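Student: One structure is given below, represented as structure tokens, and several questions about it will come after.
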Amino acid sequence: MTTPLPALPDTLPAEPLTLLGEWLEAGRTHSTAPDPWVMSLATIDADGRPSARMVLCRLYERESGVIAFYTNRESRKGLALAAHPVAAAVFHWADLERQVRVEGPVTESSAEESDAYFARRQRLSQLAAWASDQSRPLASRAEFERRLAEVTERFADVESIPRPPHWGGYRIAADHVELWTQLAGRTHDRAVWTRTGEGWSGTRQHP
Ligand SMILES: Cc1cc2nc3c(=O)[nH]c(=O)nc-3n(C[C@H](O)[C@H](O)[C@H](O)COP(=O)(O)O)c2cc1C
């Protein structure tokens with residue numbers, strides 16, 4: 001299969017954030033993946049052990065180079081980010097033959113931003129956020145169903161379910177970006193940019 005989208009330019013742009021935005025947008029509009037903005041998120045636990053899981057990227061800000069996702073702040077990833085506020089994310093669109101890597105320091109999204117996103121979620125997702133002690137032991141599936149029924153009852157007369165205090169967004173401020181295209185016979189093309197003070201330094205790398 002040939003790449004249906006533009007290859008990496010011969011002359012790399014000085015900064016990657018515009019191209020990163022174009023690639024994320026192409027993922028959203030051209031990929032047939034059910035969740036084209038799903039990314040693998042890697043964090044470092046308090047004891048230095050890496051862990052990775054899929055999360056949904058919900059925001060890209062071209063000006064700042066920030067990508068954001070939402071989760072339970074008391075989950076394994078939340079505790080890891082409290083210990084080491086830095087993360088690496090990987091997007092892969094198999095049908096577009098493209099991979100994107102973004103790394104950088106992480107900060108919590110504001111309460112306003114987290115509230116606004118929580119308010120847009122389906123009601124069941126909102127209830128599940130209240131019912132779930134994400135990443136902690138659960139005696140049985142029935143126990144979770146019981147907790148879900150409990151919060152459903154608790155919020156039965158509430159039109160706008162508030163955001164749980166333990167739930168919110170995280171913002172990864174890209175300081176390392178890699179754009180990669182798949183080419184025949186492992187002759188892939190790959191460009192990497194690293195933030196240097198106020199600017200960026202970019203280079204092609206061997207595939
Ligand atoms: C396609 C997909 C999307 C997901 N999106 C999210 C997400 O946006 N936020 C989240 O907390 N978990 C999401 N999950 C679940 C996580 O992969 C993970 O199981 C959960 O967050 C607990 O991870 P942790 O114990 O490492 O904190 C998603 C899973 C899949 C497969």
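Labels for the structure tokens follow display order: chains A, B, ..., residues from 1 in each chain, ligands from 1.
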So which residues are near ligand 1, meaning at most 7 Å away with only C-alpha atoms and all ligand atoms counted, given back as a PyMOL selection string?
Tutor: chain A and resi 35+38+51-57+69-72+75-78+134-135
Student: With only C-alpha atoms as the counted atoms, please give the residues lying no more than 9 Å from region 120-131 of chain A, apart from itself and same-chain residues fewer than 5 positions off, as a PyMOL selection string.
Tutor: chain A and resi 71-72+115+144-152+155+160-164+166-167
Student: Could you save the residues just selected, with C-alpha atoms, as a PDB file, in the first residue's frame?
Tutor:
ATOM      1  CA  THR A  71      -8.404  10.249  33.560  1.00  0.00           C
ATOM      2  CA  ASN A  72      -8.682   9.437  37.239  1.00  0.00           C
ATOM      3  CA  ASP A 115     -15.252  20.633  34.121  1.00  0.00           C
ATOM      4  CA  PHE A 144     -18.710  -2.447  40.456  1.00  0.00           C
ATOM      5  CA  GLU A 145     -22.309  -2.832  39.225  1.00  0.00           C
ATOM      6  CA  ARG A 146     -23.455  -2.166  42.803  1.00  0.00           C
ATOM      7  CA  ARG A 147     -21.373   1.008  43.028  1.00  0.00           C
ATOM      8  CA  LEU A 148     -22.673   2.136  39.627  1.00  0.00           C
ATOM      9  CA  ALA A 149     -26.269   1.573  40.752  1.00  0.00           C
ATOM     10  CA  GLU A 150     -25.512   3.536  43.918  1.00  0.00           C
ATOM     11  CA  VAL A 151     -24.206   6.628  42.080  1.00  0.00           C
ATOM     12  CA  THR A 152     -26.986   6.352  39.484  1.00  0.00           C
ATOM     13  CA  PHE A 155     -27.580  11.544  40.900  1.00  0.00           C
ATOM     14  CA  SER A 160     -25.694  18.131  35.289  1.00  0.00           C
ATOM     15  CA  ILE A 161     -23.535  15.620  37.132  1.00  0.00           C
ATOM     16  CA  PRO A 162     -20.532  17.422  38.652  1.00  0.00           C
ATOM     17  CA  ARG A 163     -16.975  16.307  37.909  1.00  0.00           C
ATOM     18  CA  PRO A 164     -15.558  14.018  40.601  1.00  0.00           C
ATOM     19  CA  HIS A 166     -10.336  12.937  41.602  1.00  0.00           C
ATOM     20  CA  TRP A 167     -10.955  13.133  37.840  1.00  0.00           C
TER      21      TRP A 167
END
Student: Taking only region 28-190 of chain A into account, list the residues labelled helix (DSSP H, G or I) by DSSP (computed from the backbone), as a ChimeraX atom specification.
Tutor: /A:28-30,76-83,94-96,111-120,123-131,141-154,184-186
Student: Near region 106-113 of chain A, counting only C-alpha atoms, which residues have an atom at most 12 Å away, once you skip same-chain residues fewer than 3 positions from it, shown as a PyMOL selection string?
Tutor: chain A and resi 41-44+58-59+65-73+77-78+80-89+102-103+116-120+162-175
Student: Using DSSP assignments from the backbone, pull out every residue in region 104-200 of chain A that falls under strand (DSSP E) and give it to me as a PyMOL selection string.
Tutor: chain A and resi 104-108+167-173+176-181+189-196+199-200
Student: Include N, CA and C atoms and write out the residues we just selected as a tab-separated table (two decimals), in the first residue's frame.
Tutor:
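Final output, saved to part36.tsv:
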chain	number	residue	atom	x	y	z
A	104	GLY	N	7.09	14.94	26.76
A	104	GLY	CA	7.28	16.23	27.41
A	104	GLY	C	6.78	16.25	28.84
A	105	PRO	N	7.02	17.38	29.50
A	105	PRO	CA	6.54	17.55	30.88
A	105	PRO	C	5.02	17.64	30.93
A	106	VAL	N	4.46	17.21	32.04
A	106	VAL	CA	3.00	17.12	32.19
A	106	VAL	C	2.53	18.03	33.33
A	107	THR	N	1.44	18.74	33.07
A	107	THR	CA	0.77	19.50	34.13
A	107	THR	C	-0.71	19.12	34.13
A	108	GLU	N	-1.37	19.40	35.24
A	108	GLU	CA	-2.81	19.12	35.30
A	108	GLU	C	-3.58	20.20	34.54
A	167	TRP	N	-10.95	13.40	39.28
A	167	TRP	CA	-10.95	13.13	37.84
A	167	TRP	C	-10.63	14.43	37.10
A	168	GLY	N	-9.78	14.36	36.07
A	168	GLY	CA	-9.47	15.58	35.34
A	168	GLY	C	-8.47	15.34	34.22
A	169	GLY	N	-8.03	16.45	33.64
A	169	GLY	CA	-7.15	16.37	32.48
A	169	GLY	C	-5.68	16.51	32.83
A	170	TYR	N	-4.87	16.03	31.90
A	170	TYR	CA	-3.42	16.23	31.97
A	170	TYR	C	-2.96	16.78	30.63
A	171	ARG	N	-2.01	17.70	30.68
A	171	ARG	CA	-1.49	18.35	29.48
A	171	ARG	C	-0.01	17.99	29.30
A	172	ILE	N	0.30	17.38	28.18
A	172	ILE	CA	1.70	17.08	27.86
A	172	ILE	C	2.20	18.19	26.94
A	173	ALA	N	3.21	18.93	27.39
A	173	ALA	CA	3.76	20.03	26.58
A	173	ALA	C	4.92	19.47	25.76
A	176	HIS	N	9.61	17.04	22.57
A	176	HIS	CA	10.26	16.07	21.69
A	176	HIS	C	9.16	15.49	20.80
A	177	VAL	N	9.31	15.64	19.49
A	177	VAL	CA	8.28	15.20	18.54
A	177	VAL	C	8.94	14.38	17.45
A	178	GLU	N	8.34	13.24	17.13
A	178	GLU	CA	8.84	12.44	16.01
A	178	GLU	C	7.69	12.13	15.06
A	179	LEU	N	7.93	12.37	13.77
A	179	LEU	CA	6.96	12.01	12.73
A	179	LEU	C	7.62	10.94	11.86
A	180	TRP	N	6.87	9.88	11.60
A	180	TRP	CA	7.45	8.68	10.96
A	180	TRP	C	6.49	8.18	9.90
A	181	THR	N	7.02	7.91	8.71
A	181	THR	CA	6.18	7.30	7.68
A	181	THR	C	6.76	5.96	7.28
A	189	ASP	N	10.82	6.73	6.63
A	189	ASP	CA	11.35	8.09	6.74
A	189	ASP	C	10.91	8.65	8.08
A	190	ARG	N	11.81	9.39	8.72
A	190	ARG	CA	11.61	9.72	10.12
A	190	ARG	C	12.30	11.04	10.45
A	191	ALA	N	11.56	11.92	11.11
A	191	ALA	CA	12.13	13.21	11.51
A	191	ALA	C	11.84	13.46	12.98
A	192	VAL	N	12.81	14.05	13.66
A	192	VAL	CA	12.72	14.25	15.10
A	192	VAL	C	13.07	15.71	15.41
A	193	TRP	N	12.28	16.32	16.27
A	193	TRP	CA	12.55	17.68	16.73
A	193	TRP	C	12.63	17.68	18.25
A	194	THR	N	13.56	18.46	18.79
A	194	THR	CA	13.68	18.64	20.24
A	194	THR	C	13.65	20.12	20.54
A	195	ARG	N	12.93	20.46	21.60
A	195	ARG	CA	12.85	21.87	21.98
A	195	ARG	C	14.16	22.28	22.63
A	196	THR	N	14.66	23.44	22.19
A	196	THR	CA	15.91	23.95	22.76
A	196	THR	C	15.64	25.36	23.24
A	199	GLY	N	13.42	27.74	21.07
A	199	GLY	CA	13.25	27.25	19.71
A	199	GLY	C	13.20	25.73	19.62
A	200	TRP	N	13.40	25.24	18.40
A	200	TRP	CA	13.40	23.80	18.15
A	200	TRP	C	14.61	23.43	17.31
Student: What lies within 7 Å of Asp95 (chain A) using only C-alpha atoms, ignoring chain neighbours under 2 positions off, as number ranges by chain?
Tutor: A: 31, 93, 97
Student: Between A:Val158, A:Leu5, A:Ala184, A:Leu17, which one has atoms that come closest to Gly202 (chain A), using only C-alpha atoms?
Tutor: A:Leu17
Student: How many Å separate CA of Phe91 (chain A) from CA of Ala33 (chain A)?
Tutor: 11.4 Å
Student: Suppose you want the space between CA of Val100 (chain A) and CA of Ser40 (chain A); what is it in Å?
Tutor: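 Separation of CA of Val100 (chain A) and CA of Ser40 (chain A): 10.5 Å.
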Student: Of the candidates A:Arg154, A:Arg49, A:Arg62, A:His188, which shows the shortest atom-to-atom distance to Leu24 (chain A), using only C-alpha atoms?
Tutor: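 Among the listed residues, the smallest separation from Leu24 (chain A) belongs to A:Arg62.
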Student: Point out the residue among A:Arg141, A:Leu79, A:Arg98, A:Glu61 with the least atom-to-atom distance to Gly27 (chain A), counting only C-alpha atoms.
Tutor: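 Checking each candidate against Gly27 (chain A), we get A:Arg98 as the closest.
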Student: My list of candidates is A:Gln182, A:Ser64, A:Gly197, A:Ser132. Which is closest to Pro16 (chain A) when distances are computed with only C-alpha atoms?
Tutor: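 Closest to Pro16 (chain A), using only C-alpha atoms: A:Ser64.
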Student: Go through A:Gln99, A:Ser140, A:Thr203, A:Thr32 one by one, measure the shortest atom-to-atom distance of each to Asp10 (chain A) using only C-alpha atoms, and give the residue with the smallest value.
Tutor: A:Thr203
Student: Would you work out the distance separating CA of Ala142 (chain A) from CA of Ala156 (chain A), expressed in Å to one decimal?
Tutor: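 Pair CA of Ala142 (chain A) / CA of Ala156 (chain A) returns 20.6 Å.
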